[in-house]
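Undergrad: Got a structure for you, model_27.cif, holding mmCIF, C-alpha atoms and all ligand atoms.
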data_run
#
loop_
_atom_site.group_PDB
_atom_site.id
_atom_site.type_symbol
_atom_site.label_atom_id
_atom_site.label_comp_id
_atom_site.auth_asym_id
_atom_site.auth_seq_id
_atom_site.Cartn_x
_atom_site.Cartn_y
_atom_site.Cartn_z
ATOM 1 C CA MET I 1 26.902 -15.192 -15.141
ATOM 2 C CA VAL I 2 26.253 -11.706 -13.848
ATOM 3 C CA SER I 3 24.415 -10.256 -16.808
ATOM 4 C CA GLY I 4 20.755 -11.146 -16.840
ATOM 5 C CA ARG I 5 20.839 -12.331 -13.261
ATOM 6 C CA ARG I 6 17.799 -11.262 -11.349
ATOM 7 C CA GLU I 7 16.572 -11.550 -7.824
ATOM 8 C CA LEU I 8 14.391 -14.597 -7.109
ATOM 9 C CA GLY I 9 11.498 -15.159 -4.746
ATOM 10 C CA ARG I 10 12.583 -16.557 -1.379
ATOM 11 C CA GLY I 11 10.730 -18.089 1.546
ATOM 12 C CA GLU I 12 11.521 -18.587 5.239
ATOM 13 C CA ARG I 13 9.713 -19.670 8.386
ATOM 14 C CA VAL I 14 9.170 -16.800 10.832
ATOM 15 C CA VAL I 15 7.348 -18.548 13.686
ATOM 16 C CA PRO I 16 5.836 -22.056 13.678
ATOM 17 C CA GLY I 17 3.123 -22.129 11.031
ATOM 18 C CA VAL I 18 3.954 -18.695 9.570
ATOM 19 C CA PHE I 19 6.155 -18.198 6.517
ATOM 20 C CA ARG I 20 7.496 -15.034 4.917
ATOM 21 C CA LEU I 21 7.551 -15.093 1.111
ATOM 22 C CA ARG I 22 9.892 -12.385 -0.112
ATOM 23 C CA LEU I 23 9.014 -11.463 -3.687
ATOM 24 C CA PRO I 24 11.024 -9.148 -5.968
ATOM 25 C CA LEU I 25 9.704 -5.783 -7.179
ATOM 26 C CA PRO I 26 11.021 -3.604 -10.021
ATOM 27 C CA TRP I 27 10.730 -0.352 -8.035
ATOM 28 C CA PRO I 28 13.696 1.814 -7.047
ATOM 29 C CA GLY I 29 14.018 1.846 -3.252
ATOM 30 C CA VAL I 30 11.380 -0.883 -2.826
ATOM 31 C CA PRO I 31 13.146 -4.086 -3.928
ATOM 32 C CA HIS I 32 10.700 -6.610 -2.396
ATOM 33 C CA CYS I 33 7.276 -7.151 -0.992
ATOM 34 C CA ASN I 34 6.167 -9.825 1.436
ATOM 35 C CA ALA I 35 3.379 -12.322 1.153
ATOM 36 C CA TRP I 36 2.643 -14.417 4.251
ATOM 37 C CA ALA I 37 1.659 -18.093 4.206
ATOM 38 C CA VAL I 38 -0.069 -19.302 7.382
ATOM 39 C CA LYS I 39 -0.811 -22.994 7.950
ATOM 40 C CA ALA I 40 -4.498 -23.848 8.109
ATOM 41 C CA GLY I 41 -5.607 -27.482 8.403
ATOM 42 C CA ASP I 42 -4.240 -29.511 5.496
ATOM 43 C CA GLY I 43 -3.060 -26.404 3.655
ATOM 44 C CA PHE I 44 -2.329 -22.719 4.086
ATOM 45 C CA VAL I 45 -3.860 -19.266 3.782
ATOM 46 C CA LEU I 46 -1.934 -16.793 1.648
ATOM 47 C CA PHE I 47 -1.965 -13.164 2.815
ATOM 48 C CA ASP I 48 -1.030 -10.984 -0.190
ATOM 49 C CA THR I 49 0.208 -12.177 -3.544
ATOM 50 C CA GLY I 50 3.101 -10.132 -4.918
ATOM 51 C CA ARG I 51 2.960 -8.082 -8.104
ATOM 52 C CA HIS I 52 2.256 -9.569 -11.526
ATOM 53 C CA GLN I 53 5.359 -9.190 -13.709
ATOM 54 C CA PRO I 54 7.598 -11.479 -15.807
ATOM 55 C CA ASP I 55 8.381 -14.679 -13.831
ATOM 56 C CA SER I 56 6.452 -13.439 -10.795
ATOM 57 C CA PHE I 57 4.394 -16.611 -10.520
ATOM 58 C CA SER I 58 7.477 -18.830 -10.486
ATOM 59 C CA ASP I 59 8.982 -16.503 -7.866
ATOM 60 C CA LEU I 60 5.962 -17.174 -5.677
ATOM 61 C CA GLU I 61 6.089 -20.934 -6.257
ATOM 62 C CA ARG I 62 9.823 -20.948 -5.545
ATOM 63 C CA ALA I 63 9.338 -19.037 -2.276
ATOM 64 C CA LEU I 64 6.589 -21.488 -1.261
ATOM 65 C CA ALA I 65 8.782 -24.482 -2.131
ATOM 66 C CA MET I 66 11.518 -23.140 0.172
ATOM 67 C CA CYS I 67 8.920 -23.426 2.965
ATOM 68 C CA ASN I 68 7.825 -26.921 1.861
ATOM 69 C CA LEU I 69 4.512 -25.534 0.632
ATOM 70 C CA ARG I 70 2.826 -26.244 -2.688
ATOM 71 C CA LEU I 71 0.257 -24.283 -4.608
ATOM 72 C CA ASP I 72 -2.251 -27.150 -4.458
ATOM 73 C CA GLU I 73 -2.291 -26.725 -0.664
ATOM 74 C CA LEU I 74 -3.537 -23.145 -0.981
ATOM 75 C CA ARG I 75 -6.922 -22.815 0.760
ATOM 76 C CA LEU I 76 -7.643 -19.080 0.623
ATOM 77 C CA VAL I 77 -6.188 -15.837 -0.765
ATOM 78 C CA VAL I 78 -6.477 -12.752 1.459
ATOM 79 C CA CYS I 79 -5.260 -9.277 0.451
ATOM 80 C CA THR I 80 -4.345 -6.508 2.903
ATOM 81 C CA HIS I 81 -5.155 -3.977 0.163
ATOM 82 C CA ALA I 82 -5.543 -3.695 -3.581
ATOM 83 C CA HIS I 83 -2.145 -2.223 -4.545
ATOM 84 C CA SER I 84 -0.438 -4.244 -7.261
ATOM 85 C CA ASP I 85 2.343 -5.561 -5.002
ATOM 86 C CA HIS I 86 -0.265 -7.077 -2.654
ATOM 87 C CA TYR I 87 -3.076 -8.034 -5.033
ATOM 88 C CA GLY I 88 -1.337 -8.270 -8.426
ATOM 89 C CA GLN I 89 -1.360 -12.071 -8.746
ATOM 90 C CA ALA I 90 -4.736 -12.687 -7.096
ATOM 91 C CA ALA I 91 -6.481 -13.379 -10.415
ATOM 92 C CA THR I 92 -3.917 -16.017 -11.423
ATOM 93 C CA LEU I 93 -3.997 -17.662 -8.002
ATOM 94 C CA VAL I 94 -7.775 -17.917 -7.993
ATOM 95 C CA GLU I 95 -7.798 -19.211 -11.550
ATOM 96 C CA ARG I 96 -5.158 -21.876 -10.882
ATOM 97 C CA THR I 97 -6.448 -23.092 -7.515
ATOM 98 C CA GLY I 98 -10.200 -22.413 -7.655
ATOM 99 C CA ARG I 99 -9.972 -20.916 -4.163
ATOM 100 C CA GLU I 100 -11.624 -17.723 -2.911
ATOM 101 C CA LEU I 101 -10.259 -14.203 -2.670
ATOM 102 C CA TRP I 102 -11.133 -12.125 0.387
ATOM 103 C CA MET I 103 -10.472 -8.381 0.296
ATOM 104 C CA HIS I 104 -11.971 -5.065 1.379
ATOM 105 C CA PRO I 105 -14.778 -3.821 -0.922
ATOM 106 C CA ASN I 106 -13.265 -0.310 -1.459
ATOM 107 C CA HIS I 107 -10.819 -1.584 -4.062
ATOM 108 C CA GLN I 108 -11.855 0.758 -6.911
ATOM 109 C CA HIS I 109 -8.668 2.803 -6.452
ATOM 110 C CA MET I 110 -6.947 -0.130 -8.177
ATOM 111 C CA THR I 111 -9.573 -2.090 -10.040
ATOM 112 C CA ARG I 112 -10.968 0.954 -11.861
ATOM 113 C CA MET I 113 -7.444 1.697 -13.071
ATOM 114 C CA ALA I 114 -7.189 -1.776 -14.566
ATOM 115 C CA GLU I 115 -10.664 -1.650 -16.101
ATOM 116 C CA ASP I 116 -10.490 1.845 -17.575
ATOM 117 C CA PRO I 117 -6.895 3.131 -17.524
ATOM 118 C CA GLU I 118 -7.637 5.983 -19.920
ATOM 119 C CA ALA I 119 -10.301 7.521 -17.694
ATOM 120 C CA VAL I 120 -8.182 7.104 -14.559
ATOM 121 C CA ASN I 121 -5.066 8.523 -16.221
ATOM 122 C CA ALA I 122 -7.037 11.478 -17.585
ATOM 123 C CA GLY I 123 -8.221 12.147 -14.032
ATOM 124 C CA ARG I 124 -4.670 11.992 -12.707
ATOM 125 C CA ILE I 125 -3.389 14.401 -15.324
ATOM 126 C CA GLU I 126 -6.212 16.787 -14.494
ATOM 127 C CA VAL I 127 -5.294 16.614 -10.786
ATOM 128 C CA ALA I 128 -1.634 17.272 -11.650
ATOM 129 C CA ARG I 129 -2.603 20.243 -13.833
ATOM 130 C CA GLN I 130 -4.885 21.641 -11.109
ATOM 131 C CA SER I 131 -1.995 21.196 -8.668
ATOM 132 C CA GLY I 132 0.252 23.493 -10.691
ATOM 133 C CA VAL I 133 2.479 21.001 -12.516
ATOM 134 C CA PRO I 134 3.928 23.017 -15.445
ATOM 135 C CA GLU I 135 3.116 22.188 -19.041
ATOM 136 C CA GLU I 136 6.304 20.390 -20.082
ATOM 137 C CA PRO I 137 6.612 17.919 -17.188
ATOM 138 C CA LEU I 138 2.854 17.415 -17.436
ATOM 139 C CA ARG I 139 3.214 16.330 -21.068
ATOM 140 C CA ARG I 140 6.006 13.907 -20.172
ATOM 141 C CA TYR I 141 3.953 12.593 -17.268
ATOM 142 C CA ALA I 142 0.973 12.015 -19.567
ATOM 143 C CA SER I 143 3.010 10.015 -22.082
ATOM 144 C CA GLN I 144 4.637 7.968 -19.341
ATOM 145 C CA LEU I 145 1.288 7.128 -17.702
ATOM 146 C CA GLY I 146 -0.017 5.578 -20.908
ATOM 147 C CA SER I 147 2.818 3.042 -21.069
ATOM 148 C CA ARG I 148 2.868 2.046 -17.426
ATOM 149 C CA GLU I 149 2.258 -1.610 -16.533
ATOM 150 C CA SER I 150 -0.622 -2.196 -14.125
ATOM 151 C CA GLY I 151 1.147 -5.001 -12.249
ATOM 152 C CA LEU I 152 -2.112 -6.980 -12.193
ATOM 153 C CA SER I 153 -2.636 -10.350 -13.867
ATOM 154 C CA GLY I 154 -6.337 -9.564 -14.039
ATOM 155 C CA VAL I 155 -9.141 -7.787 -12.252
ATOM 156 C CA ILE I 156 -11.024 -9.942 -9.845
ATOM 157 C CA GLU I 157 -13.698 -9.099 -7.286
ATOM 158 C CA PRO I 158 -13.450 -10.479 -3.769
ATOM 159 C CA ASP I 159 -15.649 -13.483 -2.946
ATOM 160 C CA ARG I 160 -15.963 -12.102 0.539
ATOM 161 C CA ASP I 161 -15.662 -8.542 1.832
ATOM 162 C CA LEU I 162 -12.986 -8.094 4.492
ATOM 163 C CA VAL I 163 -14.711 -5.695 6.849
ATOM 164 C CA ASN I 164 -14.332 -5.195 10.614
ATOM 165 C CA GLY I 165 -14.781 -8.412 12.566
ATOM 166 C CA VAL I 166 -14.454 -10.948 9.746
ATOM 167 C CA THR I 167 -12.271 -13.841 10.906
ATOM 168 C CA ILE I 168 -9.815 -16.035 9.022
ATOM 169 C CA ALA I 169 -9.159 -19.440 10.550
ATOM 170 C CA SER I 170 -5.622 -20.839 10.824
ATOM 171 C CA ASP I 171 -3.645 -23.339 12.895
ATOM 172 C CA LEU I 172 -2.504 -20.460 15.110
ATOM 173 C CA GLY I 173 -6.116 -19.476 15.806
ATOM 174 C CA ASP I 174 -8.434 -16.969 14.167
ATOM 175 C CA TRP I 175 -7.194 -13.725 12.612
ATOM 176 C CA VAL I 176 -9.593 -10.802 13.038
ATOM 177 C CA VAL I 177 -9.937 -8.108 10.391
ATOM 178 C CA TYR I 178 -9.530 -4.427 11.294
ATOM 179 C CA GLU I 179 -10.239 -1.822 8.641
ATOM 180 C CA THR I 180 -7.242 0.534 8.415
ATOM 181 C CA PRO I 181 -7.816 2.944 5.507
ATOM 182 C CA GLY I 182 -5.366 5.763 4.782
ATOM 183 C CA HIS I 183 -2.477 4.211 2.867
ATOM 184 C CA ALA I 184 -5.215 2.876 0.562
ATOM 185 C CA PRO I 185 -9.020 2.971 0.906
ATOM 186 C CA SER I 186 -9.075 -0.849 0.798
ATOM 187 C CA HIS I 187 -6.484 -1.376 3.536
ATOM 188 C CA VAL I 188 -7.086 -3.854 6.374
ATOM 189 C CA CYS I 189 -4.850 -5.373 9.050
ATOM 190 C CA MET I 190 -5.354 -8.856 10.508
ATOM 191 C CA PHE I 191 -4.687 -9.589 14.179
ATOM 192 C CA GLN I 192 -4.194 -12.945 15.888
ATOM 193 C CA SER I 193 -4.905 -12.163 19.531
ATOM 194 C CA GLU I 194 -3.466 -15.267 21.302
ATOM 195 C CA GLN I 195 -0.115 -14.982 19.513
ATOM 196 C CA ARG I 196 -0.432 -11.167 19.279
ATOM 197 C CA LEU I 197 0.658 -11.243 15.649
ATOM 198 C CA LEU I 198 -0.332 -8.454 13.297
ATOM 199 C CA ILE I 199 -0.370 -8.737 9.513
ATOM 200 C CA SER I 200 0.011 -5.043 8.813
ATOM 201 C CA GLY I 201 0.311 -4.726 5.010
ATOM 202 C CA ASP I 202 1.603 -1.228 4.211
ATOM 203 C CA HIS I 203 -0.158 0.427 7.157
ATOM 204 C CA LEU I 204 2.834 -0.208 9.440
ATOM 205 C CA LEU I 205 6.245 -0.909 7.943
ATOM 206 C CA GLY I 206 9.554 -1.555 9.695
ATOM 207 C CA ARG I 207 11.086 1.393 7.888
ATOM 208 C CA ILE I 208 8.552 4.203 8.127
ATOM 209 C CA SER I 209 7.344 5.231 4.694
ATOM 210 C CA LEU I 210 4.147 7.195 4.232
ATOM 211 C CA TYR I 211 1.800 7.036 1.291
ATOM 212 C CA PHE I 212 -1.848 8.004 0.895
ATOM 213 C CA ASP I 213 -4.079 7.240 -2.053
ATOM 214 C CA TYR I 214 -5.520 10.658 -2.803
ATOM 215 C CA GLY I 215 -8.856 11.253 -4.501
ATOM 216 C CA TYR I 216 -11.050 8.388 -3.322
ATOM 217 C CA THR I 217 -12.011 9.423 0.197
ATOM 218 C CA PRO I 218 -12.458 12.855 1.818
ATOM 219 C CA ASP I 219 -9.384 12.806 4.103
ATOM 220 C CA PRO I 220 -6.904 9.916 3.670
ATOM 221 C CA VAL I 221 -4.376 11.381 6.137
ATOM 222 C CA GLY I 222 -7.073 11.698 8.799
ATOM 223 C CA GLU I 223 -8.141 8.117 8.084
ATOM 224 C CA PHE I 224 -4.541 6.959 8.397
ATOM 225 C CA LEU I 225 -4.189 8.625 11.822
ATOM 226 C CA THR I 226 -7.421 6.999 13.009
ATOM 227 C CA SER I 227 -6.142 3.649 11.687
ATOM 228 C CA LEU I 228 -2.956 4.080 13.741
ATOM 229 C CA ASP I 229 -5.169 4.410 16.855
ATOM 230 C CA VAL I 230 -6.976 1.204 15.872
ATOM 231 C CA VAL I 231 -3.747 -0.764 15.563
ATOM 232 C CA GLU I 232 -2.174 0.726 18.678
ATOM 233 C CA ARG I 233 -5.033 -0.567 20.840
ATOM 234 C CA LEU I 234 -4.419 -4.156 19.699
ATOM 235 C CA GLY I 235 -1.151 -4.541 21.602
ATOM 236 C CA ALA I 236 0.580 -6.613 18.909
ATOM 237 C CA ARG I 237 3.913 -8.188 19.824
ATOM 238 C CA LEU I 238 5.186 -9.001 16.345
ATOM 239 C CA CYS I 239 4.357 -7.228 13.118
ATOM 240 C CA LEU I 240 4.346 -9.065 9.778
ATOM 241 C CA ALA I 241 4.575 -6.150 7.356
ATOM 242 C CA GLY I 242 4.099 -5.870 3.620
ATOM 243 C CA HIS I 243 7.748 -4.968 3.013
ATOM 244 C CA GLY I 244 10.959 -5.627 4.938
ATOM 245 C CA ARG I 245 11.594 -7.702 8.033
ATOM 246 C CA THR I 246 9.245 -8.464 10.883
ATOM 247 C CA PHE I 247 9.532 -6.126 13.872
ATOM 248 C CA THR I 248 8.550 -6.239 17.531
ATOM 249 C CA ASP I 249 8.396 -2.617 18.735
ATOM 250 C CA VAL I 250 4.936 -2.071 17.254
ATOM 251 C CA TYR I 251 4.017 0.781 19.603
ATOM 252 C CA ALA I 252 7.202 2.708 18.690
ATOM 253 C CA HIS I 253 6.365 2.308 15.001
ATOM 254 C CA VAL I 254 2.861 3.672 15.544
ATOM 255 C CA GLN I 255 4.373 6.641 17.376
ATOM 256 C CA GLY I 256 6.999 7.131 14.668
ATOM 257 C CA ASN I 257 4.310 7.289 11.985
ATOM 258 C CA ARG I 258 2.279 9.813 13.980
ATOM 259 C CA LYS I 259 5.352 11.962 14.521
ATOM 260 C CA LEU I 260 6.313 11.955 10.846
ATOM 261 C CA VAL I 261 2.764 12.821 9.741
ATOM 262 C CA GLY I 262 2.765 15.649 12.297
ATOM 263 C CA GLU I 263 6.062 16.997 10.970
ATOM 264 C CA ARG I 264 4.899 16.848 7.363
ATOM 265 C CA LEU I 265 1.651 18.647 8.198
ATOM 266 C CA GLN I 266 3.591 21.358 10.025
ATOM 267 C CA THR I 267 5.982 21.847 7.092
ATOM 268 C CA VAL I 268 3.077 22.169 4.660
ATOM 269 C CA LEU I 269 1.277 24.572 6.990
ATOM 270 C CA ASP I 270 4.425 26.718 7.408
ATOM 271 C CA ALA I 271 4.860 26.892 3.631
ATOM 272 C CA VAL I 272 1.317 28.076 2.879
ATOM 273 C CA SER I 273 1.403 30.475 5.849
ATOM 274 C CA ARG I 274 4.005 32.587 4.047
ATOM 275 C CA GLU I 275 2.126 32.860 0.745
ATOM 276 C CA PRO I 276 -0.588 31.010 -1.180
ATOM 277 C CA LEU I 277 0.979 28.057 -2.995
ATOM 278 C CA THR I 278 0.001 25.280 -5.377
ATOM 279 C CA ALA I 279 0.539 21.670 -4.291
ATOM 280 C CA PHE I 280 3.378 21.484 -6.805
ATOM 281 C CA ASP I 281 5.029 24.568 -5.240
ATOM 282 C CA ILE I 282 4.992 22.821 -1.867
ATOM 283 C CA VAL I 283 6.836 19.655 -2.975
ATOM 284 C CA PRO I 284 10.377 21.111 -2.525
ATOM 285 C CA HIS I 285 9.438 22.501 0.904
ATOM 286 C CA VAL I 286 8.724 18.960 2.102
ATOM 287 C CA TYR I 287 10.930 16.745 -0.063
ATOM 288 C CA GLY I 288 13.794 19.058 -1.092
ATOM 289 C CA ASP I 289 14.935 18.527 -4.664
ATOM 290 C CA SER I 290 14.028 14.836 -4.731
ATOM 291 C CA LEU I 291 11.164 15.358 -7.206
ATOM 292 C CA SER I 292 11.662 13.254 -10.333
ATOM 293 C CA GLN I 293 9.625 11.878 -13.190
ATOM 294 C CA GLN I 294 9.379 8.557 -11.324
ATOM 295 C CA ASN I 295 8.161 9.858 -7.983
ATOM 296 C CA ALA I 296 6.166 12.934 -9.067
ATOM 297 C CA GLN I 297 2.748 11.374 -8.708
ATOM 298 C CA TRP I 298 3.720 9.674 -5.448
ATOM 299 C CA LEU I 299 4.918 12.950 -3.879
ATOM 300 C CA LEU I 300 2.046 15.035 -5.234
ATOM 301 C CA SER I 301 -0.498 12.531 -3.927
ATOM 302 C CA LYS I 302 1.011 12.847 -0.462
ATOM 303 C CA ILE I 303 1.110 16.668 -0.536
ATOM 304 C CA LEU I 304 -2.552 16.733 -1.633
ATOM 305 C CA GLY I 305 -3.306 14.378 1.255
ATOM 306 C CA TYR I 306 -1.674 16.756 3.750
ATOM 307 C CA LEU I 307 -3.401 19.791 2.242
ATOM 308 C CA THR I 308 -6.799 18.104 2.332
ATOM 309 C CA HIS I 309 -6.264 17.111 5.951
ATOM 310 C CA LEU I 310 -5.244 20.650 6.966
ATOM 311 C CA GLN I 311 -8.343 21.917 5.186
ATOM 312 C CA ALA I 312 -10.534 19.325 6.923
ATOM 313 C CA THR I 313 -9.185 20.473 10.297
ATOM 314 C CA GLY I 314 -9.933 24.085 9.391
ATOM 315 C CA VAL I 315 -6.424 25.595 9.405
ATOM 316 C CA ILE I 316 -6.027 26.230 5.661
ATOM 317 C CA ARG I 317 -8.316 26.895 2.738
ATOM 318 C CA ARG I 318 -8.356 26.061 -0.948
ATOM 319 C CA ILE I 319 -8.390 29.009 -3.336
ATOM 320 C CA ALA I 320 -10.229 27.973 -6.488
ATOM 321 C CA GLY I 321 -8.542 28.786 -9.789
ATOM 322 C CA GLU I 322 -6.314 27.433 -12.516
ATOM 323 C CA PRO I 323 -4.247 26.131 -10.846
ATOM 324 C CA GLU I 324 -5.744 26.040 -7.377
ATOM 325 C CA ARG I 325 -3.725 27.436 -4.480
ATOM 326 C CA TRP I 326 -3.767 26.902 -0.756
ATOM 327 C CA SER I 327 -3.551 29.478 1.975
ATOM 328 C CA ALA I 328 -3.453 29.514 5.767
HETATM 329 ZN ZN ZN I 401 0.371 -0.311 -0.714
HETATM 330 ZN ZN ZN I 402 3.246 -2.377 -0.710
#
Before we go any further, please render this structure as structure tokens.
TA:
Amino acid sequence: MVSGRRELGRGERVVPGVFRLRLPLPWPGVPHCNAWAVKAGDGFVLFDTGRHQPDSFSDLERALAMCNLRLDELRLVVCTHAHSDHYGQAATLVERTGRELWMHPNHQHMTRMAEDPEAVNAGRIEVARQSGVPEEPLRRYASQLGSRESGLSGVIEPDRDLVNGVTIASDLGDWVVYETPGHAPSHVCMFQSEQRLLISGDHLLGRISLYFDYGYTPDPVGEFLTSLDVVERLGARLCLAGHGRTFTDVYAHVQGNRKLVGERLQTVLDAVSREPLTAFDIVPHVYGDSLSQQNAQWLLSKILGYLTHLQATGVIRRIAGEPERWSA
């Protein structure tokens, strides 16, 4: 029966003791996310959880079963960052297993949204208005924000803060935490130095795709570039990313990210060098006509990230006003 058929969670062994759990997502262009199960003693550690949505918990259990793992063997939940596709089911997992959640403490970019969506959405609309989004799309955006699902089964605080140097024990050896903010303020990567394996979350993906959570830290793009330096120094051999397949050419991916950020910054700088522009004006310069209702906030958040970084490095300035403009 074709109608009503949906993608299911799937699991596979990647290297001995490490399993990829491929979990479906409802997002256009991003059909799955990965959680990683790593054997530890008589059970396993789960890195990331998948998003909370209809049937998402059975997707996770199904993926685990394909790897001969059961939920009652779960020993610890670790999240690379607090986006819904990586943290969304943490509350259910903790509730069902009684195990701990470890995550970076700067998770307010997500948890505040779940606790007080009205305040967060009002802030987002204000940012969009300040950025020059015209009245009509702004109204549509506002109504759409109110009905959006959070993708979280609940809001839960970490039992332990994943900051630099914290280790997570497994059968492969210890994984060491490296803070890698930029994509999200709460982002961390975990490195296993003997096997040279890197759990990279959304910091490094096989198919390069940039995103920066704007509005929580002074310069997310600058933080992302610094986080690329951090990961480059590790010398990982295999990357276990938050989406897509594993990949080996980690150095080339770091370079590819740097290059793309550099190109985007240059395009934004060129645009505002001709005339003062709002962030909204700049979107077509960087992304052509790909702006839509679905990706508007995503694209605007990135443009604001680039603008803020160019301002932080002293090459452009913000012209206060309604809306605000940017000039070289
Ligand atoms: Zn993310
Ligand atoms: Zn993700």
Undergrad: Using only C-alpha atoms and all ligand atoms, which residues have at least one atom no more than 8 Å from ligand ZN 401 (chain I)? Output them as a ChimeraX atom specification.
TA: /I:81-86,183-184,201-203,211,242
Undergrad: With a distance cut-off of 7 Å and only C-alpha atoms, select the neighbouring residues of stretch 48-51 of chain I, excluding the residue or stretch itself and same-chain residues fewer than 3 positions from it, and output the selection as a ChimeraX atom specification.
TA: /I:23,33,35-36,56,78-80,84-90,151-152
Undergrad: Hey, can you spit out that residue selection with C-alpha atoms as a PDB file, in the frame of the given file?
TA:
ATOM      1  CA  LEU I  23       9.014 -11.463  -3.687  1.00  0.00           C
ATOM      2  CA  CYS I  33       7.276  -7.151  -0.992  1.00  0.00           C
ATOM      3  CA  ALA I  35       3.379 -12.322   1.153  1.00  0.00           C
ATOM      4  CA  TRP I  36       2.643 -14.417   4.251  1.00  0.00           C
ATOM      5  CA  SER I  56       6.452 -13.439 -10.795  1.00  0.00           C
ATOM      6  CA  VAL I  78      -6.477 -12.752   1.459  1.00  0.00           C
ATOM      7  CA  CYS I  79      -5.260  -9.277   0.451  1.00  0.00           C
ATOM      8  CA  THR I  80      -4.345  -6.508   2.903  1.00  0.00           C
ATOM      9  CA  SER I  84      -0.438  -4.244  -7.261  1.00  0.00           C
ATOM     10  CA  ASP I  85       2.343  -5.561  -5.002  1.00  0.00           C
ATOM     11  CA  HIS I  86      -0.265  -7.077  -2.654  1.00  0.00           C
ATOM     12  CA  TYR I  87      -3.076  -8.034  -5.033  1.00  0.00           C
ATOM     13  CA  GLY I  88      -1.337  -8.270  -8.426  1.00  0.00           C
ATOM     14  CA  GLN I  89      -1.360 -12.071  -8.746  1.00  0.00           C
ATOM     15  CA  ALA I  90      -4.736 -12.687  -7.096  1.00  0.00           C
ATOM     16  CA  GLY I 151       1.147  -5.001 -12.249  1.00  0.00           C
ATOM     17  CA  LEU I 152      -2.112  -6.980 -12.193  1.00  0.00           C
TER      18      LEU I 152
END
Undergrad: Can you tell me which residues surround I:Arg6 at a distance of at most 12 Å, considering all atoms listed in the file, apart from same-chain residues fewer than 5 positions away, and format the answer as an MDAnalysis selection string?
TA: chainID I and resid 1 23:26 31 54:56 59
Undergrad: Residues near stretch 216-231 of chain I, anyone? I mean within 7 Å using only C-alpha atoms, not counting same-chain ones fewer than 6 positions away, as a list in words.
TA: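 My reading of the contact set: His109, Thr180, Pro181, Gly182, His183, Val254, Arg258, Gly305, Tyr306, Thr308 and His309 of chain I.
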Undergrad: Between atom CA of I:Glu136 and atom CA of I:Leu277, measure the distance and give it in Å to one decimal.
TA: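 Taking atom CA of I:Glu136 and atom CA of I:Leu277, their separation equals 19.5 Å.
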Undergrad: Please provide the set of residues having any atom within 12 Å of stretch 126-130 of chain I, restricted to only C-alpha atoms, with same-chain residues fewer than 4 positions apart removed, written as JSON, numbers by chain.
TA: {"I": [119, 120, 121, 122, 134, 135, 136, 137, 138, 139, 140, 141, 142, 214, 215, 277, 278, 279, 280, 281, 296, 297, 298, 299, 300, 301, 303, 304, 318, 319, 320, 321, 322, 323, 324, 325, 326]}
Undergrad: Could you list the residues chosen by the PyMOL selection byres (((chain I and resi 192) around 10) and not hetatm) in this structure as JSON, numbers by chain?
TA: {"I": [167, 168, 169, 170, 172, 173, 174, 175, 176, 177, 190, 191, 193, 194, 195, 196, 197, 198, 199, 234, 236]}
Undergrad: Pull out every residue that the PyMOL selection byres (((chain I and resi 44) around 10) and not hetatm) matches in the shown coordinates and put them as an MDAnalysis selection string.
TA: chainID I and resid 17:19 36:43 45:47 69:77 169:171
Undergrad: Using 8 Å as the limit and counting only C-alpha atoms, can you tabulate each residue of stretch 185-273 of chain I that touches stretch 282-290 of chain I, with its shortest atom-to-atom distance in Å and the two atoms involved, as JSON lines?
TA:
{"residue": "I:Arg264", "atom": "CA", "partner": "I:Val286", "partner_atom": "CA", "distance": 6.8}
{"residue": "I:Thr267", "atom": "CA", "partner": "I:Val286", "partner_atom": "CA", "distance": 6.4}
{"residue": "I:Val268", "atom": "CA", "partner": "I:Ile282", "partner_atom": "CA", "distance": 6.8}
{"residue": "I:Ala271", "atom": "CA", "partner": "I:Ile282", "partner_atom": "CA", "distance": 6.8}
{"residue": "I:Val272", "atom": "CA", "partner": "I:Ile282", "partner_atom": "CA", "distance": 8.0}
Undergrad: Work out how far apart atom CA of I:Gly314 and atom CA of I:Asn257 are and give it in Å to one decimal.
TA: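 Atom-to-atom, atom CA of I:Gly314 and atom CA of I:Asn257 are spaced 22.2 Å apart.
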Undergrad: Which residue gives the smallest distance to ligand ZN 402 (chain I) among I:Arg112, I:His243, I:His52, I:Arg233, with all atoms listed in the file counted?
TA: I:His243
Undergrad: Could you tell me how far atom CA of I:Arg207 sits from atom CA of I:Leu93, in Å to one decimal place?
TA: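 We find that atom CA of I:Leu93 and atom CA of I:Arg207 lie 29.0 Å from each other.
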Undergrad: Pull out every residue that the PyMOL selection byres (((chain I and resi 11) around 8) and not hetatm) matches in the shown coordinates and put them as a list in words.
TA: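 This file, filtered by the PyMOL selection byres (((chain I and resi 11) around 8) and not hetatm), leaves Gly9, Arg10, Glu12, Arg13, Phe19, Arg20, Leu21, Arg22, Arg62, Ala63, Leu64, Ala65, Met66 and Cys67 of chain I.
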Undergrad: Of the candidates I:His187, I:Arg99, I:His107, I:Arg124, which shows the shortest atom-to-atom distance to ligand ZN 402 (chain I), using all atoms listed in the file?
TA: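 The answer is I:His187, which sits nearest to ligand ZN 402 (chain I).
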